[in-house]
$ cat query37.txt   # compact mmCIF, C-alpha atoms
# COMPACT_ATOMS: atom_id res chain seq x y z
CA LYS A 1 121.17 140.02 108.64
CA GLN A 2 120.02 136.63 107.45
CA SER A 3 116.35 135.96 106.83
CA VAL A 4 115.44 132.33 107.41
CA HIS A 5 112.71 131.21 105.02
CA HIS A 6 110.38 128.21 105.25
CA ASN A 7 112.57 126.00 103.05
CA GLN A 8 115.68 126.68 105.10
CA LYS A 9 114.91 124.83 108.34
CA GLN A 10 117.68 125.70 110.72
CA MET A 11 118.19 125.66 114.44
CA LEU A 12 119.80 127.61 117.19
CA SER A 13 121.36 125.35 119.86
CA ASP A 14 120.85 126.72 123.34
CA TRP A 15 123.53 125.20 125.54
CA THR A 16 121.72 126.31 128.68
CA SER A 17 118.82 123.91 128.13
CA GLY A 18 120.13 121.40 125.63
CA ILE A 19 117.02 121.92 123.47
CA PRO A 20 117.33 123.01 119.84
CA VAL A 21 115.38 126.16 119.03
CA THR A 22 114.36 126.07 115.40
CA ALA A 23 114.66 129.14 113.25
CA GLU A 24 111.51 128.23 111.38
CA CYS A 25 108.35 126.49 112.45
CA LEU A 26 105.99 124.37 110.39
CA PRO A 27 102.48 125.57 109.48
CA VAL A 28 100.69 124.96 112.78
CA PRO A 29 98.93 127.43 115.14
CA VAL A 30 101.65 130.08 115.27
CA CYS A 31 104.10 129.92 112.39
CA CYS A 32 107.31 131.86 112.66
CA PHE A 33 110.88 132.28 111.52
CA LEU A 34 113.90 133.94 113.03
CA ILE A 35 115.82 136.81 111.51
CA LEU A 36 119.35 136.13 112.66
CA PRO A 37 122.21 138.62 112.95
CA SER A 38 125.27 137.90 110.85
CA GLN A 39 127.20 137.19 114.05
CA SER A 40 126.14 135.49 117.26
CA PRO A 41 124.94 137.76 120.10
CA ALA A 42 127.89 139.03 122.10
CA VAL A 43 126.63 137.78 125.45
CA PRO A 44 129.35 135.80 127.23
CA PRO A 45 129.45 132.87 127.35
CA ASP A 46 128.16 132.68 123.79
CA PRO A 47 124.86 130.73 123.94
CA VAL A 48 124.65 130.31 120.19
CA GLN A 49 126.86 127.36 119.33
CA THR A 50 125.99 126.93 115.68
CA VAL A 51 123.35 127.29 113.01
CA GLN A 52 122.64 123.98 111.33
CA HIS A 53 120.15 122.47 108.91
CA LEU A 54 117.27 120.82 110.69
CA SER A 55 114.98 118.19 109.24
CA ALA A 56 111.22 118.48 109.63
CA SER A 57 111.14 115.47 111.95
CA GLU A 58 113.31 117.40 114.41
CA GLY A 59 111.24 120.58 114.27
CA LEU A 60 110.60 122.61 117.38
CA LEU A 61 107.84 125.20 117.62
CA TYR A 62 109.02 127.83 120.09
CA HIS A 63 106.12 130.30 119.85
CA SER A 64 102.63 128.90 120.39
CA HIS A 65 99.36 129.56 122.16
CA ILE A 66 98.26 125.99 122.82
CA LEU A 67 97.99 125.92 126.62
CA SER A 68 94.25 126.30 127.15
CA GLY A 69 92.30 128.80 129.20
CA ILE A 70 95.11 131.30 129.69
CA ASP A 71 95.01 133.69 126.74
CA ASP A 72 93.39 134.13 123.34
CA GLY A 73 94.71 130.79 122.09
CA SER A 74 93.30 127.34 122.77
CA GLU A 75 90.02 127.42 124.69
CA SER A 76 90.00 123.84 125.99
CA ALA A 77 92.19 120.81 126.61
CA ALA A 78 90.39 119.03 123.78
CA GLU A 79 91.29 121.81 121.37
CA SER A 80 94.91 121.72 122.59
CA ILE A 81 95.11 117.98 121.85
CA LYS A 82 93.63 118.54 118.39
CA ILE A 83 96.24 121.22 117.67
CA LEU A 84 99.06 118.97 118.91
CA LYS A 85 97.91 116.17 116.63
CA LEU A 86 98.01 118.56 113.66
CA ALA A 87 101.50 119.65 114.69
CA ILE A 88 102.68 116.04 114.82
CA GLN A 89 101.30 115.47 111.32
CA GLU A 90 103.38 118.42 110.12
CA GLY A 91 106.58 116.97 111.58
CA VAL A 92 106.83 118.96 114.81
CA SER A 93 108.40 116.95 117.63
CA ASP A 94 108.89 119.61 120.33
CA ILE A 95 106.76 122.60 121.30
CA ILE A 96 107.40 125.37 123.79
CA LEU A 97 104.05 126.60 125.08
CA THR A 98 104.21 130.40 125.27
CA PRO A 99 100.95 131.90 126.54
CA HIS A 100 100.70 135.66 126.64
CA TYR A 101 101.82 137.40 129.82
CA ILE A 102 100.50 140.96 129.99
CA TYR A 103 101.19 142.65 133.30
CA GLY A 104 98.07 144.01 134.99
CA SER A 105 95.66 142.24 132.63
CA ASN A 106 93.62 139.04 132.55
CA TYR A 107 96.51 137.46 130.63
CA ALA A 108 98.84 137.28 133.62
CA CYS A 109 98.84 133.65 134.70
CA ASN A 110 101.84 133.13 136.98
CA ASN A 111 104.34 130.30 136.72
CA LYS A 112 102.71 128.21 139.46
CA ASP A 113 99.30 128.25 137.78
CA LYS A 114 100.82 127.71 134.34
CA ARG A 115 102.65 124.66 135.67
CA ILE A 116 99.36 123.14 136.88
CA ARG A 117 97.76 123.57 133.46
CA PHE A 118 100.92 122.32 131.79
CA GLU A 119 100.94 119.11 133.85
CA VAL A 120 97.29 118.43 132.98
CA LEU A 121 98.05 118.77 129.27
CA GLN A 122 101.22 116.71 129.63
CA GLU A 123 99.22 113.88 131.23
CA LEU A 124 96.71 113.95 128.36
CA VAL A 125 99.57 113.73 125.87
CA GLU A 126 101.10 110.78 127.70
CA THR A 127 97.84 108.83 128.06
CA ARG A 128 97.28 109.19 124.32
CA ASN A 129 100.88 108.24 123.53
CA LEU A 130 101.33 111.31 121.37
CA PRO A 131 104.94 111.51 120.07
CA ILE A 132 105.61 115.09 121.06
CA ARG A 133 107.56 116.81 123.84
CA LEU A 134 106.23 119.90 125.58
CA TYR A 135 108.08 122.69 127.38
CA LEU A 136 106.91 125.87 129.08
CA GLY A 137 107.59 129.53 128.43
CA ASN A 138 105.81 132.84 127.86
CA GLU A 139 105.31 135.55 125.29
CA ILE A 140 105.72 138.59 127.53
CA LEU A 141 104.47 142.06 126.71
CA LEU A 142 107.51 144.26 127.25
CA CYS A 143 107.14 146.55 130.27
CA GLU A 144 109.37 148.26 132.80
CA HIS A 145 108.64 145.52 135.36
CA ILE A 146 109.81 142.62 133.20
CA LEU A 147 113.02 141.86 135.09
CA GLU A 148 111.19 141.78 138.40
CA LEU A 149 108.45 139.60 136.92
CA LEU A 150 110.98 137.10 135.57
CA GLU A 151 112.95 136.94 138.79
CA ASN A 152 109.86 136.63 141.00
CA GLY A 153 108.37 133.72 139.08
CA GLU A 154 105.45 135.58 137.56
CA CYS A 155 106.51 134.86 133.98
CA MET A 156 109.28 132.80 132.46
CA THR A 157 111.87 132.38 129.75
CA LEU A 158 111.76 129.62 127.13
CA ASN A 159 112.16 126.36 129.07
CA HIS A 160 114.20 128.04 131.82
CA SER A 161 116.88 129.08 129.31
CA ARG A 162 118.24 132.62 128.88
CA TYR A 163 116.02 133.15 125.82
CA VAL A 164 112.93 135.25 126.59
CA LEU A 165 110.17 135.75 124.03
CA VAL A 166 108.74 139.27 124.20
CA GLU A 167 106.37 141.43 122.21
CA LEU A 168 105.70 145.16 121.94
CA PRO A 169 102.29 146.84 122.10
CA MET A 170 100.53 146.53 118.75
CA ASN A 171 99.20 150.06 118.54
CA ASN A 172 101.02 152.28 121.03
CA GLU A 173 104.76 152.87 120.97
CA LEU A 174 106.67 152.01 124.15
CA LEU A 175 109.03 154.95 124.36
CA ASN A 176 111.57 153.30 126.67
CA ALA A 177 111.62 149.98 124.81
CA LYS A 178 115.32 150.16 123.93
CA LYS A 179 116.21 150.84 127.55
CA ILE A 180 114.27 147.79 128.71
CA PHE A 181 115.88 145.58 126.06
CA PHE A 182 119.29 146.83 127.18
CA GLU A 183 118.48 145.96 130.79
CA LEU A 184 117.46 142.44 129.77
CA VAL A 185 120.68 141.91 127.84
CA SER A 186 122.70 143.41 130.70
CA HIS A 187 121.23 140.74 132.97
CA GLU A 188 122.35 138.07 130.46
CA TYR A 189 118.92 137.37 129.02
CA ILE A 190 118.63 136.96 125.25
CA PRO A 191 115.39 138.61 124.11
CA ILE A 192 113.53 137.32 121.06
CA LEU A 193 111.18 140.01 119.74
CA ALA A 194 108.01 138.46 118.34
CA HIS A 195 106.59 139.54 114.97
CA PRO A 196 108.50 142.83 114.48
CA GLU A 197 106.87 143.29 111.07
CA ARG A 198 103.47 143.87 112.71
CA TYR A 199 104.39 147.02 114.65
CA HIS A 200 103.09 149.54 112.15
CA TYR A 201 104.28 152.57 114.16
CA ILE A 202 107.92 151.66 113.61
CA SER A 203 108.97 153.25 110.34
CA GLU A 204 110.47 151.02 107.67
CA ASP A 205 113.55 153.23 107.49
CA SER A 206 113.92 153.32 111.28
CA THR A 207 117.15 152.12 112.88
CA PHE A 208 115.14 150.71 115.79
CA PHE A 209 115.58 147.06 114.80
CA GLU A 210 119.21 147.54 113.82
CA ASP A 211 119.88 148.93 117.30
CA LEU A 212 118.19 145.92 118.89
CA ILE A 213 120.19 143.48 116.77
CA ASP A 214 123.39 145.27 117.74
CA MET A 215 122.44 144.64 121.39
CA GLY A 216 122.03 140.93 120.72
CA VAL A 217 118.25 140.82 120.39
CA LEU A 218 116.81 138.22 117.98
CA LEU A 219 113.78 138.93 115.79
CA GLN A 220 111.01 136.42 115.13
CA GLY A 221 108.69 137.06 112.21
CA ASN A 222 105.31 135.44 111.65
CA TYR A 223 105.38 133.18 108.63
CA LYS A 224 101.86 134.21 107.63
CA SER A 225 102.98 137.83 107.37
CA LEU A 226 104.91 136.80 104.25
CA LEU A 227 101.57 135.72 102.78
CA GLY A 228 99.82 139.00 103.59
CA LYS A 229 97.57 137.59 106.34
CA TYR A 230 97.90 140.55 108.70
CA SER A 231 98.30 143.54 106.39
CA LYS A 232 100.11 144.68 103.28
CA GLY A 233 102.36 146.75 105.49
CA ALA A 234 103.36 143.72 107.58
CA GLU A 235 103.96 141.72 104.42
CA ARG A 236 106.20 144.47 103.02
CA ARG A 237 108.13 144.99 106.26

$ encode --input "query37.txt" --output "structure tokens"
Amino acid sequence: KQSVHHNQKQMLSDWTSGIPVTAECLPVPVCCFLILPSQSPAVPPDPVQTVQHLSASEGLLYHSHILSGIDDGSESAAESIKILKLAIQEGVSDIILTPHYIYGSNYACNNKDKRIRFEVLQELVETRNLPIRLYLGNEILLCEHILELLENGECMTLNHSRYVLVELPMNNELLNAKKIFFELVSHEYIPILAHPERYHYISEDSTFFEDLIDMGVLLQGNYKSLLGKYSKGAERR
């Protein structure tokens, strides 16, 4: 496995969308880095063309909670614009907006409604001539309905690519998680598991993450975990 640290800005080229997905994001609202397997995921055709060095001016933030009024992120369009301006100052040029999607909860804005909010924010960006490109996605809480939700337009992958950003419950173990990941991969999705270091119920000596990586799942750690923001356990993991 290869840990990608903040001074090793690299990208994953997704041929399905033509948009580079950076392996590390600059210090704006949600900061993250990818933990890459030593070999590309074995999902034909291979979506991972190469891993290259990426300059800060080409940075893409692929996990963010900037789209307002949908989840526990930005609360208003004005706050979203303020966050985007900070991101631009830090060298970010492209952001995938990934609001939470939690089936059966208040955080379950469907693709149609997300698109409306996205277009409003996009218009504000354009009228202010902000030099940043926005794309749409989700951070989806893994559940047994995820394939149906993706295919029915309730939630979405990262910019309509095969990459899908998912998270596990923070406090309660999902016993059939591996099965659901396998189903996603079998349907030619490439899951990216958000902040694996924060799931305290997964033992440090567990083979859980190794099994996921063997399937072709990517892991995305929160940069602030390295600084001990969440817990000592998350920092250690």

$ residues_around --input "query37.txt" --residues "Val217 (chain A)" --least-positions-apart "5" --cutoff "9 Å" --atoms "all atoms listed in the file" --output "list in words"
Pro37, Pro41, Phe181, Val185, Ile190, Pro191, Ile192, Leu193, Phe209, Asp211 and Leu212 of chain A

$ residues_around --input "query37.txt" --residues "Asn129 (chain A)" --least-positions-apart "6" --cutoff "12 Å" --atoms "only C-alpha atoms" --output "ChimeraX atom specification"
/A:81,84-85,88,122-123

$ atom_distance --input "query37.txt" --atom1 "CA of Asn138 (chain A)" --atom2 "CA of Pro99 (chain A)"
5.1 Å

$ atom_distance --input "query37.txt" --atom1 "CA of Pro131 (chain A)" --atom2 "CA of Lys114 (chain A)"
22.0 Å

$ atom_distance --input "query37.txt" --atom1 "CA of Ser80 (chain A)" --atom2 "CA of Gly59 (chain A)"
18.4 Å

$ closest_atom_pairs --input "query37.txt" --of "region 82-125 of chain A" --to "region 61-77 of chain A" --cutoff "6 Å" --atoms "only C-alpha atoms" --output "Markdown table"
| residue | atom | partner | partner_atom | distance |
| --- | --- | --- | --- | --- |
| A:Ile95 | CA | A:Leu61 | CA | 4.6 |
| A:Ile96 | CA | A:Tyr62 | CA | 4.7 |
| A:Leu97 | CA | A:Ser64 | CA | 5.4 |
| A:Thr98 | CA | A:Ser64 | CA | 5.3 |
| A:Pro99 | CA | A:His65 | CA | 5.2 |
| A:Tyr107 | CA | A:Asp71 | CA | 5.6 |

$ axis_aligned_box --input "query37.txt" --around "region 178-183 of chain A" --padding-each-side "5 Å" --output "lines of an AutoDock Vina configuration file"
center_x = 116.8
center_y = 148.2
center_z = 127.4
size_x = 15.0
size_y = 15.3
size_z = 16.9

$ residues_around --input "query37.txt" --residues "Glu154 (chain A)" --least-positions-apart "5" --cutoff "10 Å" --atoms "only C-alpha atoms" --output "PyMOL selection string"
chain A and resi 101+103+108-114+146+148-149

$ residues_around --input "query37.txt" --residues "Leu174 (chain A)" --least-positions-apart "4" --cutoff "10 Å" --atoms "only C-alpha atoms" --output "PyMOL selection string"
chain A and resi 142-144+168-170+178+180

$ write_last_selection --input "query37.txt" --atoms "C-alpha atoms" --output "PDB file, in the frame of the given file"
ATOM      1  CA  LEU A 142     107.510 144.260 127.250  1.00  0.00           C
ATOM      2  CA  CYS A 143     107.140 146.550 130.270  1.00  0.00           C
ATOM      3  CA  GLU A 144     109.370 148.260 132.800  1.00  0.00           C
ATOM      4  CA  LEU A 168     105.700 145.160 121.940  1.00  0.00           C
ATOM      5  CA  PRO A 169     102.290 146.840 122.100  1.00  0.00           C
ATOM      6  CA  MET A 170     100.530 146.530 118.750  1.00  0.00           C
ATOM      7  CA  LYS A 178     115.320 150.160 123.930  1.00  0.00           C
ATOM      8  CA  ILE A 180     114.270 147.790 128.710  1.00  0.00           C
TER       9      ILE A 180
END

$ residues_around --input "query37.txt" --residues "Leu130 (chain A)" --least-positions-apart "2" --cutoff "12 Å" --atoms "only C-alpha atoms" --output "list in words"
Ile81, Lys82, Ile83, Leu84, Lys85, Leu86, Ala87, Ile88, Gln89, Val92, Ser93, Asp94, Leu121, Gln122, Glu123, Leu124, Val125, Glu126, Thr127, Arg128, Ile132, Arg133 and Leu134 of chain A

$ write_last_selection --input "query37.txt" --atoms "C-alpha atoms" --output "PDB file, in the coordinates of the input"
ATOM      1  CA  ILE A  81      95.110 117.980 121.850  1.00  0.00           C
ATOM      2  CA  LYS A  82      93.630 118.540 118.390  1.00  0.00           C
ATOM      3  CA  ILE A  83      96.240 121.220 117.670  1.00  0.00           C
ATOM      4  CA  LEU A  84      99.060 118.970 118.910  1.00  0.00           C
ATOM      5  CA  LYS A  85      97.910 116.170 116.630  1.00  0.00           C
ATOM      6  CA  LEU A  86      98.010 118.560 113.660  1.00  0.00           C
ATOM      7  CA  ALA A  87     101.500 119.650 114.690  1.00  0.00           C
ATOM      8  CA  ILE A  88     102.680 116.040 114.820  1.00  0.00           C
ATOM      9  CA  GLN A  89     101.300 115.470 111.320  1.00  0.00           C
ATOM     10  CA  VAL A  92     106.830 118.960 114.810  1.00  0.00           C
ATOM     11  CA  SER A  93     108.400 116.950 117.630  1.00  0.00           C
ATOM     12  CA  ASP A  94     108.890 119.610 120.330  1.00  0.00           C
ATOM     13  CA  LEU A 121      98.050 118.770 129.270  1.00  0.00           C
ATOM     14  CA  GLN A 122     101.220 116.710 129.630  1.00  0.00           C
ATOM     15  CA  GLU A 123      99.220 113.880 131.230  1.00  0.00           C
ATOM     16  CA  LEU A 124      96.710 113.950 128.360  1.00  0.00           C
ATOM     17  CA  VAL A 125      99.570 113.730 125.870  1.00  0.00           C
ATOM     18  CA  GLU A 126     101.100 110.780 127.700  1.00  0.00           C
ATOM     19  CA  THR A 127      97.840 108.830 128.060  1.00  0.00           C
ATOM     20  CA  ARG A 128      97.280 109.190 124.320  1.00  0.00           C
ATOM     21  CA  ILE A 132     105.610 115.090 121.060  1.00  0.00           C
ATOM     22  CA  ARG A 133     107.560 116.810 123.840  1.00  0.00           C
ATOM     23  CA  LEU A 134     106.230 119.900 125.580  1.00  0.00           C
TER      24      LEU A 134
END

$ residues_near_point --input "query37.txt" --point "(100.7, 148.9, 116.5)" --cutoff "6 Å" --atoms "all atoms listed in the file" --output "list in words"
Met170, Asn171, Asn172, Tyr199, His200 and Tyr201 of chain A
